[in-house]
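I have placed the structure first, in the form of structure tokens, so that the comments after it can refer back to it.
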Amino acid sequence: MLKDIDNLKRCLETIIKISKSPVSLKIRLGWDEDISLELLDSLKCTGIDAVKIHGRLATERYRGLANWEKIRKLKSRTLFPVIGNGDIKSYQ
């Protein structure tokens, strides 16, 4: 759904409208380019309760390190809670 933000937004709005529980979303920074700011801006009016952001592009899979600085910047620009995710290799 990262490739079609309008469709993602419509799906979220529908889920939020019918859900009796808080709704959160887990995303990456983008598919093959960083669209995270555009994506978060489009989510502002959906009523989402929280967003979990994995600090890599989808095409990067698990290579390299998550971009924690980018997650920090995105968190400072949103009104809803942002939870950073990435770089956890084991449960220990």
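Scheme for the structure tokens: letters A, B, ... for chains in order shown; per-chain residue numbers from 1; ligand numbers from 1 in order shown.
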
For this session: Taking the DSSP assignment computed from this structure's backbone, write out as a ChimeraX atom specification all residues of segment 2-39 of chain A that belong to alpha helix (DSSP H).
Result: /A:5-18,36-39

Can you write just those residues out, C-alpha atoms, as an mmCIF file, in the first residue's frame?
data_model
loop_
_atom_site.group_PDB
_atom_site.id
_atom_site.type_symbol
_atom_site.label_atom_id
_atom_site.label_comp_id
_atom_site.auth_asym_id
_atom_site.auth_seq_id
_atom_site.Cartn_x
_atom_site.Cartn_y
_atom_site.Cartn_z
ATOM 1 C CA ILE A 5 -1.158 6.542 -0.555
ATOM 2 C CA ASP A 6 -4.705 7.517 -1.556
ATOM 3 C CA ASN A 7 -5.843 3.895 -1.357
ATOM 4 C CA LEU A 8 -4.078 3.441 1.987
ATOM 5 C CA LYS A 9 -5.813 6.548 3.314
ATOM 6 C CA ARG A 10 -9.258 5.350 2.138
ATOM 7 C CA CYS A 11 -8.707 1.927 3.733
ATOM 8 C CA LEU A 12 -7.607 3.490 7.018
ATOM 9 C CA GLU A 13 -10.558 5.862 7.113
ATOM 10 C CA THR A 14 -12.937 2.923 6.640
ATOM 11 C CA ILE A 15 -11.227 0.807 9.299
ATOM 12 C CA ILE A 16 -11.176 3.706 11.764
ATOM 13 C CA LYS A 17 -14.854 4.453 11.125
ATOM 14 C CA ILE A 18 -16.000 0.895 11.921
ATOM 15 C CA SER A 36 7.464 9.262 4.829
ATOM 16 C CA LEU A 37 6.724 12.974 5.245
ATOM 17 C CA GLU A 38 4.127 12.957 2.469
ATOM 18 C CA LEU A 39 2.603 9.796 3.929
#

Shell of 9 Å around Pro22 of chain A, only C-alpha atoms, local chain residues under 6 positions omitted, as a tab-separated table (two decimals) with N, CA and C atoms, in the first residue's frame:
chain	number	residue	atom	x	y	z
A	16	ILE	N	-11.01	2.85	10.59
A	16	ILE	CA	-11.18	3.71	11.76
A	16	ILE	C	-12.65	3.97	12.03
A	48	ILE	N	-6.10	8.38	12.77
A	48	ILE	CA	-5.23	7.29	13.22
A	48	ILE	C	-4.75	7.57	14.64
A	49	ASP	N	-4.63	6.52	15.45
A	49	ASP	CA	-4.22	6.68	16.85
A	49	ASP	C	-2.71	6.67	17.03
A	50	ALA	N	-1.99	5.95	16.19
A	50	ALA	CA	-0.53	5.88	16.30
A	50	ALA	C	0.04	5.30	15.01

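Candidate residues A:Lys89, A:Lys44, A:Arg56, A:Lys3 were compared for distance to Glu69 of chain A, and the nearest is A:Arg56, using only C-alpha atoms.
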
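Taking only C-alpha atoms into account, Thr78 of chain A lies nearest to A:Asp41 out of the set A:Asp4, A:Glu60, A:Glu33, A:Asp41.
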
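Between atom CA of Lys20 of chain A and atom CA of Gly86 of chain A there is a distance of 28.9 Å.
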
Problem set entry | Nearest to Leu57 of chain A by atom-to-atom distance, counting only C-alpha atoms, from A:Leu79, A:Leu43, A:Asp32, A:Lys70 | A:Asp32

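Taking atom CA of Tyr62 of chain A as the reference point, atom CA of Leu40 of chain A is found at 22.1 Å.
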
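Distances here use only C-alpha atoms; by that measure, the residue among A:Asn85, A:Ala66, A:Ala58, A:Lys75 closest to Ile35 of chain A is A:Ala58.
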
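One distance worth recording is that between atom CA of Leu65 of chain A and atom CA of Asp87 of chain A, which is 6.2 Å.
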